[in-house]
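Asks: Below is the file input_12.cif, which contains mmCIF, C-alpha atoms and all ligand atoms.
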```cif
data_query
loop_
_atom_site.label_atom_id
_atom_site.label_comp_id
_atom_site.auth_asym_id
_atom_site.auth_seq_id
_atom_site.Cartn_x
_atom_site.Cartn_y
_atom_site.Cartn_z
CA MET O 13 5.93 -49.59 1.43
CA ARG O 14 6.42 -52.49 3.84
CA ARG O 15 3.34 -54.61 4.54
CA GLU O 16 2.43 -55.11 8.18
CA PHE O 17 0.91 -58.45 9.08
CA SER O 18 -1.04 -59.43 12.10
CA ILE O 19 0.17 -62.92 12.86
CA VAL O 20 -1.86 -66.06 13.35
CA ASN O 21 -0.89 -67.42 16.70
CA ILE O 22 -0.77 -71.22 16.41
CA SER O 23 -1.75 -72.83 19.68
CA SER O 24 -2.49 -76.33 18.36
CA ALA O 25 -1.82 -78.29 15.18
CA ILE O 26 -3.22 -81.81 15.08
CA PHE O 27 -3.09 -84.53 12.42
CA ASP O 28 -6.62 -85.04 11.19
CA CYS O 29 -6.47 -87.72 8.48
CA SER O 30 -4.78 -89.06 5.35
CA ALA O 31 -7.21 -89.19 2.47
CA PRO O 32 -6.56 -91.14 -0.75
CA ASP O 33 -9.06 -89.02 -2.69
CA LEU O 34 -11.45 -86.08 -2.48
CA ASP O 35 -14.40 -88.18 -1.30
CA SER O 36 -12.39 -89.39 1.69
CA CYS O 37 -11.55 -85.87 2.89
CA PRO O 38 -13.31 -84.60 6.03
CA ASP O 39 -16.32 -82.28 5.91
CA GLU O 40 -15.86 -78.86 4.36
CA SER O 41 -16.65 -76.86 7.49
CA LEU O 42 -13.15 -75.40 8.03
CA PRO O 43 -11.07 -73.21 5.69
CA GLU O 44 -8.09 -75.02 4.16
CA PHE O 45 -4.65 -73.92 2.98
CA ALA O 46 -2.86 -76.47 0.80
CA PHE O 47 0.79 -77.01 -0.16
CA ILE O 48 1.57 -78.24 -3.66
CA GLY O 49 4.72 -78.44 -5.75
CA ARG O 50 7.22 -80.80 -7.26
CA SER O 51 8.25 -83.85 -5.24
CA ASN O 52 10.97 -82.93 -2.74
CA VAL O 53 10.40 -79.16 -3.09
CA GLY O 54 9.79 -78.94 0.67
CA LYS O 55 5.99 -79.00 1.14
CA SER O 56 5.93 -81.15 4.27
CA SER O 57 8.89 -79.27 5.75
CA LEU O 58 7.21 -75.91 5.18
CA LEU O 59 3.99 -77.14 6.77
CA ASN O 60 5.96 -78.19 9.86
CA MET O 61 7.83 -74.88 9.94
CA LEU O 62 4.59 -72.88 9.81
CA ALA O 63 2.91 -75.08 12.42
CA GLY O 64 6.03 -74.78 14.58
CA GLU O 65 6.11 -78.55 15.04
CA GLN O 66 8.82 -80.73 13.50
CA GLY O 67 7.54 -84.19 12.65
CA LEU O 68 3.90 -83.18 12.24
CA ALA O 69 4.02 -83.92 8.49
CA ARG O 70 6.54 -86.60 7.46
CA VAL O 71 9.63 -85.26 5.71
CA SER O 72 11.91 -87.41 3.58
CA THR O 73 14.91 -87.15 1.28
CA THR O 74 13.10 -89.67 -0.97
CA PRO O 75 11.12 -87.80 -3.64
CA GLY O 76 7.46 -88.80 -3.87
CA PHE O 77 7.26 -89.54 -0.15
CA THR O 78 3.88 -87.90 0.55
CA LYS O 79 1.36 -90.07 -1.29
CA LEU O 80 -1.93 -89.09 0.34
CA ILE O 81 -3.83 -85.88 1.05
CA ASN O 82 -2.68 -85.25 4.64
CA ILE O 83 -4.88 -82.91 6.61
CA PHE O 84 -4.00 -81.09 9.84
CA THR O 85 -6.36 -78.98 11.95
CA VAL O 86 -4.90 -75.81 13.41
CA ASN O 87 -6.33 -73.98 16.42
CA LYS O 88 -9.41 -76.21 15.95
CA CYS O 89 -10.67 -73.78 13.31
CA TRP O 90 -8.68 -74.02 10.07
CA ARG O 91 -6.59 -76.61 8.27
CA LEU O 92 -3.22 -77.09 6.60
CA VAL O 93 -3.17 -79.68 3.81
CA ASP O 94 -0.02 -81.48 2.66
CA LEU O 95 -0.54 -82.72 -0.90
CA PRO O 96 1.46 -85.35 -2.81
CA GLY O 97 4.02 -83.75 -5.13
CA TYR O 98 3.96 -83.89 -8.90
CA GLY O 99 6.69 -84.83 -11.33
CA PHE O 100 8.14 -87.84 -9.62
CA ALA O 101 8.84 -90.27 -12.46
CA HIS O 102 9.58 -93.38 -10.39
CA VAL O 103 6.19 -93.69 -8.74
CA ALA O 104 4.39 -96.68 -10.23
CA ARG O 105 2.38 -95.58 -13.23
CA GLU O 106 -1.05 -96.41 -11.82
CA HIS O 107 -0.19 -94.70 -8.53
CA LYS O 108 1.04 -91.62 -10.32
CA ALA O 109 -2.19 -91.36 -12.28
CA ARG O 110 -4.31 -91.96 -9.20
CA PHE O 111 -2.56 -89.42 -7.02
CA ASN O 112 -2.46 -86.80 -9.70
CA LYS O 113 -6.18 -87.29 -10.24
CA ALA O 114 -6.86 -87.04 -6.50
CA VAL O 115 -4.82 -83.83 -6.22
CA ALA O 116 -6.47 -82.33 -9.31
CA GLU O 117 -9.93 -83.15 -7.95
CA TYR O 118 -9.06 -81.73 -4.56
CA LEU O 119 -7.77 -78.48 -6.09
CA GLU O 120 -10.70 -78.13 -8.48
CA HIS O 121 -13.61 -79.14 -6.30
CA ARG O 122 -12.79 -78.60 -2.62
CA THR O 123 -15.15 -75.75 -1.79
CA ASN O 124 -13.45 -74.82 1.50
CA LEU O 125 -10.02 -74.52 -0.14
CA CYS O 126 -9.03 -70.90 0.55
CA LEU O 127 -5.61 -70.68 -0.92
CA VAL O 128 -2.89 -72.86 -2.41
CA PHE O 129 0.78 -72.34 -1.68
CA ALA O 130 2.45 -73.34 -4.96
CA LEU O 131 6.04 -74.22 -4.05
CA ILE O 132 8.97 -73.76 -6.43
CA GLU O 133 12.66 -74.40 -5.65
CA SER O 134 14.41 -71.04 -5.46
CA GLY O 135 17.72 -72.54 -6.55
CA VAL O 136 16.65 -73.73 -9.98
CA ALA O 137 15.86 -71.89 -13.21
CA PRO O 138 12.20 -72.14 -14.34
CA GLN O 139 11.24 -75.77 -14.98
CA ALA O 140 8.67 -76.75 -17.60
CA ILE O 141 6.74 -78.89 -15.12
CA ASP O 142 6.30 -76.02 -12.62
CA LEU O 143 5.28 -73.62 -15.38
CA GLU O 144 2.73 -76.14 -16.66
CA PHE O 145 1.36 -76.62 -13.18
CA VAL O 146 0.98 -72.87 -12.57
CA GLU O 147 -0.79 -72.61 -15.91
CA TRP O 148 -3.14 -75.39 -14.78
CA LEU O 149 -3.92 -73.47 -11.56
CA VAL O 150 -4.68 -70.33 -13.58
CA ARG O 151 -6.85 -72.23 -16.08
CA HIS O 152 -8.87 -73.78 -13.24
CA SER O 153 -9.18 -70.49 -11.32
CA VAL O 154 -7.50 -71.92 -8.23
CA PRO O 155 -6.32 -69.06 -5.97
CA PHE O 156 -2.62 -69.38 -5.22
CA VAL O 157 0.51 -67.69 -3.92
CA LEU O 158 3.94 -68.65 -5.28
CA VAL O 159 6.41 -69.70 -2.61
CA PHE O 160 10.10 -70.08 -3.52
CA THR O 161 11.64 -72.62 -1.14
CA LYS O 162 15.00 -73.61 0.36
CA THR O 163 16.38 -70.07 0.31
CA ASP O 164 19.10 -71.08 2.81
CA LYS O 165 20.75 -73.14 0.06
CA VAL O 166 20.91 -70.43 -2.58
CA PRO O 167 22.92 -67.19 -2.94
CA PRO O 168 20.45 -64.28 -2.89
CA ALA O 169 21.46 -63.06 -6.37
CA THR O 170 20.80 -66.50 -7.91
CA MET O 171 17.44 -66.67 -6.18
CA GLU O 172 16.46 -63.22 -7.47
CA THR O 173 17.46 -64.21 -11.00
CA ASN O 174 15.44 -67.45 -10.85
CA ILE O 175 12.36 -65.74 -9.42
CA ALA O 176 12.52 -62.94 -11.99
CA ALA O 177 12.89 -65.47 -14.82
CA PHE O 178 9.90 -67.47 -13.51
CA MET O 179 7.75 -64.34 -13.30
CA VAL O 180 8.65 -63.39 -16.88
CA ARG O 181 7.63 -66.86 -18.10
CA ILE O 182 4.20 -66.69 -16.45
CA SER O 183 3.48 -62.96 -16.95
CA ALA O 184 1.28 -63.41 -20.03
CA TRP O 185 -1.26 -65.46 -18.05
CA PHE O 186 -2.32 -62.71 -15.65
CA GLU O 187 -3.52 -59.15 -15.53
CA LYS O 188 -2.11 -58.93 -12.00
CA PRO O 189 0.73 -61.35 -11.18
CA PRO O 190 0.31 -63.65 -8.16
CA SER O 191 1.90 -62.78 -4.82
CA VAL O 192 5.40 -64.13 -4.31
CA CYS O 193 6.92 -65.26 -1.01
CA THR O 194 10.21 -66.94 -0.19
CA CYS O 195 10.94 -69.37 2.63
CA SER O 196 13.40 -71.69 4.28
CA ALA O 197 12.12 -74.50 6.46
CA GLU O 198 15.69 -74.77 7.72
CA THR O 199 16.03 -71.22 9.09
CA GLY O 200 12.36 -70.24 9.47
CA GLN O 201 12.76 -67.44 6.92
CA GLY O 202 9.34 -66.48 5.51
CA ARG O 203 7.29 -67.88 8.40
CA ARG O 204 6.01 -64.50 9.49
CA GLU O 205 5.01 -63.48 5.99
CA LEU O 206 3.26 -66.76 5.15
CA LEU O 207 1.33 -66.81 8.41
CA GLY O 208 0.40 -63.21 7.61
CA VAL O 209 -1.04 -64.37 4.27
CA ILE O 210 -3.13 -67.00 6.08
CA ASP O 211 -4.22 -64.44 8.64
CA GLU O 212 -5.40 -62.05 5.92
CA GLN O 213 -7.52 -64.81 4.37
CA LEU O 214 -9.02 -65.87 7.69
CA THR O 215 -9.82 -62.25 8.57
CA ALA O 216 -11.58 -61.81 5.22
CA ILE O 217 -13.60 -65.01 5.76
CA ASN O 218 -14.61 -63.87 9.26
CA ALA O 219 -15.69 -60.49 7.92
CA GLN O 220 -17.76 -62.15 5.17
CA SER O 221 -19.50 -64.51 7.55
CA SER O 222 -20.30 -61.81 10.09
CA GLN O 223 -21.73 -59.67 7.27
CA ALA O 224 -23.89 -62.60 6.12
CA HIS O 225 -25.01 -63.12 9.72
CA GLN O 226 -25.97 -59.44 10.06
CA GLN O 227 -27.96 -59.57 6.83
CA GLU O 228 -29.92 -62.54 8.12
CA LYS O 229 -30.89 -60.50 11.16
CA ILE O 230 -32.27 -57.53 9.17
CA PRO O 231 -36.04 -58.08 8.84
CA LYS O 232 -37.14 -58.42 5.26
CA ARG O 233 -39.34 -55.56 4.11
CA ARG O 234 -41.62 -57.83 2.20
CA PRO O 235 -42.31 -61.51 2.58
CA ASP O 236 -40.64 -63.59 -0.08
CA ARG O 237 -43.92 -64.79 -1.51
CA ASN O 238 -47.59 -63.99 -1.25
CA ARG O 239 -49.25 -65.51 1.75
CA PRO O 240 -52.40 -67.51 1.14
CA TRP O 241 -54.14 -66.08 4.23
N1 LIG O 301 18.24 -76.89 3.08
C1 LIG O 301 16.91 -77.07 3.09
N2 LIG O 301 16.40 -78.30 2.91
C2 LIG O 301 15.05 -78.43 2.91
C3 LIG O 301 14.17 -77.33 3.07
N3 LIG O 301 12.90 -77.79 3.01
C4 LIG O 301 12.99 -79.09 2.81
N4 LIG O 301 14.26 -79.52 2.75
C5 LIG O 301 14.76 -80.89 2.54
O1 LIG O 301 14.25 -81.34 1.29
C6 LIG O 301 13.87 -82.72 1.37
C7 LIG O 301 12.41 -82.89 0.97
O2 LIG O 301 11.60 -82.22 1.93
P1 LIG O 301 10.05 -82.56 2.09
O3 LIG O 301 9.48 -81.53 2.99
O4 LIG O 301 9.84 -83.99 2.45
O5 LIG O 301 9.55 -82.31 0.58
P2 LIG O 301 8.11 -82.62 -0.05
O6 LIG O 301 7.87 -81.56 -1.05
O7 LIG O 301 7.09 -82.78 1.02
O8 LIG O 301 8.41 -83.99 -0.78
P3 LIG O 301 7.35 -85.13 -1.26
O9 LIG O 301 6.45 -85.44 -0.12
O10 LIG O 301 8.25 -86.25 -1.61
O11 LIG O 301 6.63 -84.58 -2.45
C8 LIG O 301 14.17 -83.14 2.81
O12 LIG O 301 15.45 -83.74 2.84
C9 LIG O 301 14.18 -81.84 3.57
O13 LIG O 301 14.98 -81.88 4.74
C10 LIG O 301 14.75 -76.03 3.27
O14 LIG O 301 14.09 -75.00 3.41
N5 LIG O 301 16.13 -75.96 3.26
MG MG O 302 5.91 -84.37 1.51
#
```
Just give me the structure as structure tokens.

Replies:
Amino acid sequence: MRREFSIVNISSAIFDCSAPDLDSCPDESLPEFAFIGRSNVGKSSLLNMLAGEQGLARVSTTPGFTKLINIFTVNKCWRLVDLPGYGFAHVAREHKARFNKAVAEYLEHRTNLCLVFALIESGVAPQAIDLEFVEWLVRHSVPFVLVFTKTDKVPPATMETNIAAFMVRISAWFEKPPSVCTCSAETGQGRRELLGVIDEQLTAINAQSSQAHQQEKIPKRRPDRNRPW
């Protein structure tokens, strides 16, 4: 059965800050959705495509271009986060270590991180580095959706083969496999579905917080502790 999504309507997307590490990130008051994946996989491009604003996050043909945790506030109430890529060998060794550590800390400890979009190139067979990274996400209980990118460059049959092969390689790590989406920042393919994923998460968060609010309003039957008077 086809899933129906109610779509997040993006009315504003504003650059918030570039943080070199977790401590420099802004307060944790807004839900965040982060993009991670190999250098050059298309993280910044996908962020721009979803936000509907070319040039919001900087795109480059040079792998390893995004070096900081770039944070964007959408509709003043949630955030998109463009993370530095992994697996770019030519970044200076100390930089590589530092950025990997910053990304790992962000993914492990950011309490307002709702969901990670783990990007994989749809045109390539499963790569060890992507498999290792997905395993790391599973081991650290980071919630994620797999997003196969650059679908405009790949014949559909090749893409299907690559996705199926990737899913076989990771199948042993889950009881229920992660959701899979595909996208092209070039054509806009996948925008509706990915915004639908974000919308589902935001709806669930809203429901949780209104439930918590209601519970606060219900008078407690008994005081929490004995009163001294
Ligand atoms: N054909 C095609 N090219 C894309 C797509 N998405 C990104 N690109 C190109 O891929 C290159 C890298 O894109 P970025 O969005 O900068 O990739 P990134 O993952 O943010 O890269 P780093 O910041 O270096 O880790 C650029 O030349 C983009 O124009 C896509 O969907 N289709
Ligand atoms: Mg980038």

Asks: Contacts between ligand MG 302 (chain O) and chain O, please, where a residue of chain O counts if it comes within 12 Å (with all atoms listed in the file); show its shortest atom pair and distance in Å to one decimal, rows by chain and ascending number, as CSV.

Replies:
```
residue,atom,partner,partner_atom,distance
O:Ala46,CA,O:MG302,MG,11.8
O:Phe47,CA,O:MG302,MG,9.1
O:Ile48,CA,O:MG302,MG,9.1
O:Gly49,CA,O:MG302,MG,9.4
O:Arg50,CA,O:MG302,MG,9.6
O:Ser51,CA,O:MG302,MG,7.2
O:Asn52,CA,O:MG302,MG,6.8
O:Val53,CA,O:MG302,MG,8.3
O:Gly54,CA,O:MG302,MG,6.7
O:Lys55,CA,O:MG302,MG,5.4
O:Ser56,CA,O:MG302,MG,4.2
O:Ser57,CA,O:MG302,MG,7.3
O:Leu58,CA,O:MG302,MG,9.3
O:Leu59,CA,O:MG302,MG,9.1
O:Asn60,CA,O:MG302,MG,10.4
O:Gly67,CA,O:MG302,MG,11.3
O:Leu68,CA,O:MG302,MG,11.0
O:Ala69,CA,O:MG302,MG,7.2
O:Arg70,CA,O:MG302,MG,6.4
O:Val71,CA,O:MG302,MG,5.7
O:Ser72,CA,O:MG302,MG,7.0
O:Thr73,CA,O:MG302,MG,9.4
O:Thr74,CA,O:MG302,MG,9.3
O:Pro75,CA,O:MG302,MG,8.1
O:Gly76,CA,O:MG302,MG,7.1
O:Phe77,CA,O:MG302,MG,5.6
O:Thr78,CA,O:MG302,MG,4.2
O:Lys79,CA,O:MG302,MG,7.8
O:Leu80,CA,O:MG302,MG,9.2
O:Ile81,CA,O:MG302,MG,9.9
O:Asn82,CA,O:MG302,MG,9.2
O:Val93,CA,O:MG302,MG,10.5
O:Asp94,CA,O:MG302,MG,6.7
O:Leu95,CA,O:MG302,MG,7.1
O:Pro96,CA,O:MG302,MG,6.3
O:Gly97,CA,O:MG302,MG,6.9
O:Tyr98,CA,O:MG302,MG,10.6
O:Phe100,CA,O:MG302,MG,11.9
O:Leu131,CA,O:MG302,MG,11.6
```

Asks: Emit the selected residues as an mmCIF file, keeping the file's coordinate frame, including C-alpha atoms.

Replies:
```cif
data_model
loop_
_atom_site.group_PDB
_atom_site.id
_atom_site.type_symbol
_atom_site.label_atom_id
_atom_site.label_comp_id
_atom_site.auth_asym_id
_atom_site.auth_seq_id
_atom_site.Cartn_x
_atom_site.Cartn_y
_atom_site.Cartn_z
ATOM 1 C CA ALA O 46 -2.860 -76.470 0.800
ATOM 2 C CA PHE O 47 0.790 -77.010 -0.160
ATOM 3 C CA ILE O 48 1.570 -78.240 -3.660
ATOM 4 C CA GLY O 49 4.720 -78.440 -5.750
ATOM 5 C CA ARG O 50 7.220 -80.800 -7.260
ATOM 6 C CA SER O 51 8.250 -83.850 -5.240
ATOM 7 C CA ASN O 52 10.970 -82.930 -2.740
ATOM 8 C CA VAL O 53 10.400 -79.160 -3.090
ATOM 9 C CA GLY O 54 9.790 -78.940 0.670
ATOM 10 C CA LYS O 55 5.990 -79.000 1.140
ATOM 11 C CA SER O 56 5.930 -81.150 4.270
ATOM 12 C CA SER O 57 8.890 -79.270 5.750
ATOM 13 C CA LEU O 58 7.210 -75.910 5.180
ATOM 14 C CA LEU O 59 3.990 -77.140 6.770
ATOM 15 C CA ASN O 60 5.960 -78.190 9.860
ATOM 16 C CA GLY O 67 7.540 -84.190 12.650
ATOM 17 C CA LEU O 68 3.900 -83.180 12.240
ATOM 18 C CA ALA O 69 4.020 -83.920 8.490
ATOM 19 C CA ARG O 70 6.540 -86.600 7.460
ATOM 20 C CA VAL O 71 9.630 -85.260 5.710
ATOM 21 C CA SER O 72 11.910 -87.410 3.580
ATOM 22 C CA THR O 73 14.910 -87.150 1.280
ATOM 23 C CA THR O 74 13.100 -89.670 -0.970
ATOM 24 C CA PRO O 75 11.120 -87.800 -3.640
ATOM 25 C CA GLY O 76 7.460 -88.800 -3.870
ATOM 26 C CA PHE O 77 7.260 -89.540 -0.150
ATOM 27 C CA THR O 78 3.880 -87.900 0.550
ATOM 28 C CA LYS O 79 1.360 -90.070 -1.290
ATOM 29 C CA LEU O 80 -1.930 -89.090 0.340
ATOM 30 C CA ILE O 81 -3.830 -85.880 1.050
ATOM 31 C CA ASN O 82 -2.680 -85.250 4.640
ATOM 32 C CA VAL O 93 -3.170 -79.680 3.810
ATOM 33 C CA ASP O 94 -0.020 -81.480 2.660
ATOM 34 C CA LEU O 95 -0.540 -82.720 -0.900
ATOM 35 C CA PRO O 96 1.460 -85.350 -2.810
ATOM 36 C CA GLY O 97 4.020 -83.750 -5.130
ATOM 37 C CA TYR O 98 3.960 -83.890 -8.900
ATOM 38 C CA PHE O 100 8.140 -87.840 -9.620
ATOM 39 C CA LEU O 131 6.040 -74.220 -4.050
#
```

Asks: For each of O:Ile132, O:Leu34, O:Val20, O:Ile210, take the minimum atom-to-atom distance to O:Glu117, counting only C-alpha atoms, then give the residue where this is smallest.

Replies: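 Nearest candidate to O:Glu117 out of O:Ile132, O:Leu34, O:Val20, O:Ile210: O:Leu34.
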
Asks: Mind pulling up the distance from atom CA of O:Phe45 to atom CA of O:Leu92?

Replies: 5.0 Å

Asks: Considering only C-alpha atoms and all ligand atoms, can you say which of O:Asp28, O:Glu133, O:Glu65, O:Asp35 comes closest to ligand LIG 301 (chain O)?

Replies: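 Residue with the minimum atom-to-atom distance to ligand LIG 301 (chain O): O:Glu133.
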
Asks: To one decimal in Å, tell me the separation between atom P2 of ligand LIG 301 (chain O) and atom CA of O:Val115.

Replies: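 So the answer is 14.4 Å.
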
Asks: Atom CA of O:Phe160 and atom CA of O:Thr194 are how many Å apart?

Replies: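 Between atom CA of O:Phe160 and atom CA of O:Thr194 the gap works out to 4.6 Å.
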